[in-house]
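Colleague: I'm passing along coords-v4.cif; it holds mmCIF, C-alpha atoms.
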data_start
loop_
_atom_site.label_atom_id
_atom_site.label_comp_id
_atom_site.auth_asym_id
_atom_site.auth_seq_id
_atom_site.Cartn_x
_atom_site.Cartn_y
_atom_site.Cartn_z
CA MET A 27 0.00 0.00 0.00
CA ALA A 28 2.94 2.36 0.68
CA GLU A 29 4.11 1.95 -2.94
CA MET A 30 0.66 2.82 -4.19
CA ASN A 31 0.60 5.97 -2.07
CA GLU A 32 4.07 6.99 -3.23
CA ALA A 33 3.08 6.54 -6.90
CA THR A 34 -0.09 8.53 -6.33
CA ILE A 35 1.85 11.29 -4.61
CA LYS A 36 4.25 11.49 -7.56
CA LYS A 37 1.34 11.80 -9.99
CA ASP A 38 -0.41 14.33 -7.78
CA ARG A 39 2.74 16.47 -7.59
CA LEU A 40 2.68 16.82 -11.37
CA ARG A 41 -0.49 18.90 -11.01
CA PHE A 42 1.35 21.51 -8.97
CA THR A 43 4.83 21.56 -10.48
CA LYS A 44 6.23 22.53 -13.86
CA ASN A 45 8.09 20.12 -16.13
CA LYS A 46 11.42 21.83 -15.54
CA LEU A 47 13.53 18.87 -16.63
CA SER A 48 12.24 18.88 -20.21
CA ALA A 49 12.24 22.67 -20.39
CA ASN A 50 15.85 22.90 -19.18
CA LEU A 51 16.99 20.20 -21.59
CA ILE A 52 15.56 22.25 -24.45
CA ILE A 53 17.30 25.38 -23.18
CA PHE A 54 20.61 23.49 -23.12
CA SER A 55 19.93 22.32 -26.67
CA ILE A 56 19.62 25.97 -27.68
CA VAL A 57 23.01 26.62 -26.06
CA ALA A 58 24.56 23.72 -28.01
CA ASN A 59 23.03 25.15 -31.20
CA ALA A 60 24.48 28.57 -30.36
CA LEU A 61 27.94 27.02 -29.98
CA TYR A 62 27.44 25.40 -33.39
CA PHE A 63 26.57 28.56 -35.24
CA VAL A 64 29.14 30.72 -33.48
CA ASP A 65 31.83 28.27 -34.53
CA ILE A 66 30.57 28.20 -38.13
CA TYR A 67 30.04 31.96 -38.47
CA ARG A 68 33.39 32.90 -36.95
CA SER A 69 35.18 31.02 -39.73
CA ASN A 70 36.96 33.27 -42.18
CA VAL A 71 37.49 31.17 -45.27
CA GLY A 72 37.58 33.63 -48.13
CA ASN A 73 34.09 34.23 -49.42
CA TYR A 74 32.90 30.62 -49.10
CA TYR A 75 30.28 31.38 -46.45
CA TYR A 76 29.13 34.65 -48.04
CA LYS A 77 26.35 33.29 -50.18
CA LEU A 78 22.66 32.47 -50.00
CA LEU A 79 23.40 29.26 -48.10
CA ILE A 80 24.67 31.11 -45.04
CA GLY A 81 21.72 33.51 -45.17
CA ILE A 82 19.34 30.59 -45.08
CA SER A 83 21.38 29.12 -42.23
CA VAL A 84 21.12 32.33 -40.20
CA VAL A 85 17.36 32.51 -40.71
CA TYR A 86 17.01 28.82 -39.83
CA ASN A 87 19.00 29.33 -36.61
CA LEU A 88 16.75 32.20 -35.58
CA VAL A 89 13.59 30.21 -36.32
CA PHE A 90 15.06 27.15 -34.59
CA MET A 91 15.87 29.07 -31.42
CA LEU A 92 12.44 30.71 -31.32
CA ALA A 93 10.67 27.40 -31.91
CA ALA A 94 12.83 25.62 -29.34
CA PHE A 95 12.20 28.31 -26.73
CA LEU A 96 8.47 28.16 -27.42
CA ALA A 97 8.63 24.37 -27.13
CA SER A 98 10.43 24.67 -23.78
CA GLU A 99 7.65 26.86 -22.45
CA GLY A 100 4.96 24.53 -23.79
CA VAL A 101 6.65 21.41 -22.46
CA LYS A 102 7.13 23.08 -19.09
CA ASN A 103 3.34 23.51 -18.90
CA TYR A 104 2.58 19.91 -19.96
CA LYS A 105 1.35 20.70 -23.49
CA LEU A 106 1.63 17.45 -25.44
CA GLY A 107 1.98 19.07 -28.87
CA TYR A 108 5.17 20.87 -27.86
CA CYS A 109 6.74 17.55 -26.88
CA PHE A 110 6.39 16.44 -30.49
CA VAL A 111 7.75 19.80 -31.68
CA ALA A 112 10.86 19.15 -29.57
CA ILE A 113 11.32 15.70 -31.13
CA VAL A 114 10.91 17.09 -34.67
CA LEU A 115 13.42 19.86 -33.91
CA GLY A 116 15.83 17.18 -32.67
CA ALA A 117 15.45 15.23 -35.91
CA LEU A 118 16.06 18.42 -37.91
CA GLN A 119 19.26 19.03 -35.94
CA ILE A 120 20.53 15.60 -37.03
CA GLY A 121 19.63 16.46 -40.62
CA ARG A 122 21.63 19.68 -40.43
CA ILE A 123 24.85 17.71 -40.03
CA PHE A 124 24.54 16.66 -43.67
CA TRP A 125 23.91 20.18 -44.90
CA LEU A 126 26.37 22.99 -44.13
CA PRO A 127 29.07 21.15 -42.13
CA THR A 128 29.36 18.24 -44.56
CA GLU A 129 29.43 20.58 -47.57
CA ALA A 130 32.13 22.73 -45.95
CA LEU A 131 34.17 19.65 -44.99
CA ASN A 132 34.17 18.47 -48.61
CA ALA A 133 34.58 21.88 -50.31
CA PRO A 134 38.05 22.94 -51.44
CA ASN A 135 39.44 25.96 -49.62
CA PRO A 136 39.08 29.04 -51.85
CA VAL A 137 41.91 30.89 -50.09
CA VAL A 138 45.18 30.62 -52.01
CA GLY A 139 48.00 29.34 -49.80
CA ALA A 140 45.64 28.40 -46.93
CA ASP A 141 46.75 26.04 -44.17
CA THR A 142 43.89 23.62 -44.88
CA ALA A 143 42.79 21.96 -48.11
CA THR A 144 39.07 22.18 -47.29
CA VAL A 145 36.86 24.97 -46.00
CA MET A 146 36.23 23.17 -42.70
CA THR A 147 38.91 21.23 -40.87
CA GLY A 148 38.23 17.81 -39.43
CA GLU A 149 38.46 19.21 -35.89
CA GLN A 150 35.91 21.91 -36.61
CA PHE A 151 33.63 19.38 -38.29
CA THR A 152 33.86 17.13 -35.24
CA PHE A 153 33.03 20.04 -32.91
CA VAL A 154 30.05 21.35 -34.89
CA THR A 155 28.75 17.81 -35.42
CA ALA A 156 29.01 17.16 -31.68
CA CYS A 157 27.10 20.39 -30.99
CA LEU A 158 24.30 19.37 -33.35
CA VAL A 159 24.16 15.81 -31.98
CA ILE A 160 24.07 17.06 -28.38
CA SER A 161 21.34 19.53 -29.28
CA ALA A 162 19.35 16.80 -31.03
CA VAL A 163 19.71 14.29 -28.20
CA LEU A 164 18.65 16.87 -25.60
CA LEU A 165 15.60 17.82 -27.67
CA ILE A 166 14.55 14.21 -28.22
CA ILE A 167 15.02 13.30 -24.55
CA ALA A 168 13.06 16.42 -23.55
CA GLY A 169 10.26 15.47 -25.92
CA ILE A 170 10.06 11.87 -24.73
CA THR A 171 10.22 12.89 -21.07
CA GLY A 172 7.55 15.50 -21.74
CA ILE A 173 5.29 12.93 -23.42
CA ILE A 174 5.65 10.54 -20.50
CA LYS A 175 4.98 13.19 -17.86
CA THR A 176 2.13 14.82 -19.80
CA THR A 177 0.32 11.55 -20.49
CA THR A 178 0.79 10.51 -16.86
CA LEU A 179 -0.67 13.81 -15.68
CA ASN A 180 -3.56 13.69 -18.16
CA SER A 181 -4.51 10.13 -17.19
CA TYR A 182 -4.27 11.04 -13.51
CA ARG A 183 -6.55 14.04 -14.05
CA ALA A 184 -9.03 11.81 -15.90
CA GLU A 185 -8.86 9.34 -13.00
CA LEU A 186 -9.59 12.14 -10.52
CA GLU A 187 -12.46 13.36 -12.67
CA LYS A 188 -13.99 9.87 -12.70
CA LYS A 189 -13.76 9.69 -8.92
CA GLU A 190 -15.43 13.11 -8.60
CA ASN A 191 -18.26 12.10 -10.94
CA ARG A 192 -18.90 8.92 -8.96
CA SER A 193 -19.23 10.87 -5.73
#
So, in terms of structure tokens, how does the structure I just supplied come out?

Modeller:
Amino acid sequence: MAEMNEATIKKDRLRFTKNKLSANLIIFSIVANALYFVDIYRSNVGNYYYKLLIGISVVYNLVFMLAAFLASEGVKNYKLGYCFVAIVLGALQIGRIFWLPTEALNAPNPVVGADTATVMTGEQFTFVTACLVISAVLLIIAGITGIIKTTTLNSYRAELEKKENRS
């Protein structure tokens, strides 16, 4: 009976607390994304990055950060739809690895006499890939945790409603 009470207490606490774990994981994913784009945008490799591709990347980063912050607020308040938004954003972060970083790793360096043969060094590629993977993993974990907590809370509320209607 003590286990049952402890489980009920945990579910009941969800009604009065915010989902800070998922929200904070999303905030940390935004930080990892910021490290990614700062590292990319600080690169000075001739005029390689000065094209439409980088403009799209900048706009995407802004939209990503806004969407992720909105998702963190929604997940914090147990909104199920925002949990799925977090998971989709995580999947998009994985997809980004194959866009700008991979292209820059394989592109020849346009600067004559440069130290590296490609636009992006292997070390930079590893760092930006790690940033995107960390961001993606945090988003996906936040989304899954949010789904679990939100469905638990919703089923507990339905259970309480049933009990009230019986009385």

Colleague: So, with only C-alpha atoms as the atoms that count, which of A:Asn31, A:Asn132, A:Asn45, A:Thr171 lies closest to A:Tyr104?

Modeller: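 Between A:Asn31, A:Asn132, A:Asn45, A:Thr171, the residue approaching A:Tyr104 most closely is A:Asn45.
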
Colleague: Taking all atoms listed in the file into account, name the residue in A:Asn70, A:Thr147, A:Asn59, A:Thr178 that is nearest to A:Ile160.

Modeller: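 Once distances to A:Ile160 are computed over all atoms listed in the file, the minimum belongs to A:Asn59.
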
Colleague: Could you tell me how far atom CA of A:Leu40 lies from atom CA of A:Gly107, in Å and to one decimal?

Modeller: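 A separation of 17.7 Å between them.
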
Colleague: My list of candidates is A:Lys188, A:Lys175, A:Cys109, A:Leu118. Which is closest to A:Leu96 when distances are computed with all atoms listed in the file?

Modeller: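 Once distances to A:Leu96 are computed over all atoms listed in the file, the minimum belongs to A:Cys109.
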
Colleague: Applied to this file, what does the PyMOL selection byres ((chain A and resi 108) around 10) return in terms of residues, put as a tab-separated table (two decimals) with C-alpha atoms, in the coordinates of the input?

Modeller:
chain	number	residue	atom	x	y	z
A	93	ALA	CA	10.67	27.40	-31.91
A	94	ALA	CA	12.83	25.62	-29.34
A	96	LEU	CA	8.47	28.16	-27.42
A	97	ALA	CA	8.63	24.37	-27.13
A	98	SER	CA	10.43	24.67	-23.78
A	99	GLU	CA	7.65	26.86	-22.45
A	100	GLY	CA	4.96	24.53	-23.79
A	101	VAL	CA	6.65	21.41	-22.46
A	102	LYS	CA	7.13	23.08	-19.09
A	103	ASN	CA	3.34	23.51	-18.90
A	104	TYR	CA	2.58	19.91	-19.96
A	105	LYS	CA	1.35	20.70	-23.49
A	106	LEU	CA	1.63	17.45	-25.44
A	107	GLY	CA	1.98	19.07	-28.87
A	109	CYS	CA	6.74	17.55	-26.88
A	110	PHE	CA	6.39	16.44	-30.49
A	111	VAL	CA	7.75	19.80	-31.68
A	112	ALA	CA	10.86	19.15	-29.57
A	113	ILE	CA	11.32	15.70	-31.13
A	114	VAL	CA	10.91	17.09	-34.67
A	169	GLY	CA	10.26	15.47	-25.92
A	172	GLY	CA	7.55	15.50	-21.74
A	173	ILE	CA	5.29	12.93	-23.42

Colleague: Would you please work out which residue, of A:Ser181, A:Leu158, A:Val163, A:Thr142, is nearest to A:Phe124 when using only C-alpha atoms?

Modeller: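 Closest to A:Phe124 of all the choices is A:Leu158.
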
Colleague: Within 12 Å of A:Trp125, counting only C-alpha atoms, which residues show up once you throw out same-chain ones fewer than 4 positions away? Write them as a CSV table (one decimal) with C-alpha atoms, in the coordinates of the input, please.

Modeller:
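Everything below was put into selection.csv:
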chain,number,residue,atom,x,y,z
A,79,LEU,CA,23.4,29.3,-48.1
A,80,ILE,CA,24.7,31.1,-45.0
A,82,ILE,CA,19.3,30.6,-45.1
A,83,SER,CA,21.4,29.1,-42.2
A,118,LEU,CA,16.1,18.4,-37.9
A,119,GLN,CA,19.3,19.0,-35.9
A,120,ILE,CA,20.5,15.6,-37.0
A,121,GLY,CA,19.6,16.5,-40.6
A,129,GLU,CA,29.4,20.6,-47.6
A,130,ALA,CA,32.1,22.7,-46.0
A,131,LEU,CA,34.2,19.6,-45.0
A,132,ASN,CA,34.2,18.5,-48.6
A,151,PHE,CA,33.6,19.4,-38.3
A,154,VAL,CA,30.0,21.4,-34.9
A,155,THR,CA,28.8,17.8,-35.4
A,158,LEU,CA,24.3,19.4,-33.4

Colleague: Apply the PyMOL selection byres ((chain A and resi 38) around 12) to the file shown and report the selected residues as a list in words.

Modeller: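 Going through the file, the PyMOL selection byres ((chain A and resi 38) around 12) ends up selecting Asn31, Glu32, Ala33, Thr34, Ile35, Lys36, Lys37, Arg39, Leu40, Arg41, Phe42, Thr43, Lys175, Thr178, Leu179, Asn180, Ser181, Tyr182, Arg183, Glu185 and Leu186 of chain A.
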
Colleague: Between A:Val71, A:Val84, A:Ala162, A:Val89, which has the minimum distance to A:Pro134 (counting all atoms listed in the file)?

Modeller: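 Distance minimum relative to A:Pro134 lands on A:Val71.
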
Colleague: Would you mind listing what lies within 8 Å of A:Tyr74 as a ChimeraX atom specification, with all atoms listed in the file counted and same-chain residues fewer than 3 positions away left out?

Modeller: /A:71,77,136,145

Colleague: Counting all atoms listed in the file, which of A:Asn191, A:Ile170, A:Ala184, A:Phe63 gets nearest to A:Ser48?

Modeller: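 Once distances to A:Ser48 are computed over all atoms listed in the file, the minimum belongs to A:Ile170.
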
Colleague: Atom CA of A:Ala49 to atom CA of A:Val64: how many Å, to one decimal?

Modeller: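 Between atom CA of A:Ala49 and atom CA of A:Val64 the gap is 22.8 Å.
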
Colleague: Calculate how many Å separate atom CA of A:Gly139 from atom CA of A:Tyr62, rounding to one decimal.

Modeller: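 Atom CA of A:Gly139 sits 26.6 Å away from atom CA of A:Tyr62.
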
Colleague: Find the smallest box with edges along x, y and z containing every listed atom of stretch 166-183 of chain A, then add 3 Å on each side and report centre and edge lengths in Å to one decimal, as AutoDock Vina command-line options.

Modeller:
--center_x 4.2 --center_y 13.3 --center_z -20.9 --size_x 27.6 --size_y 12.3 --size_z 20.7
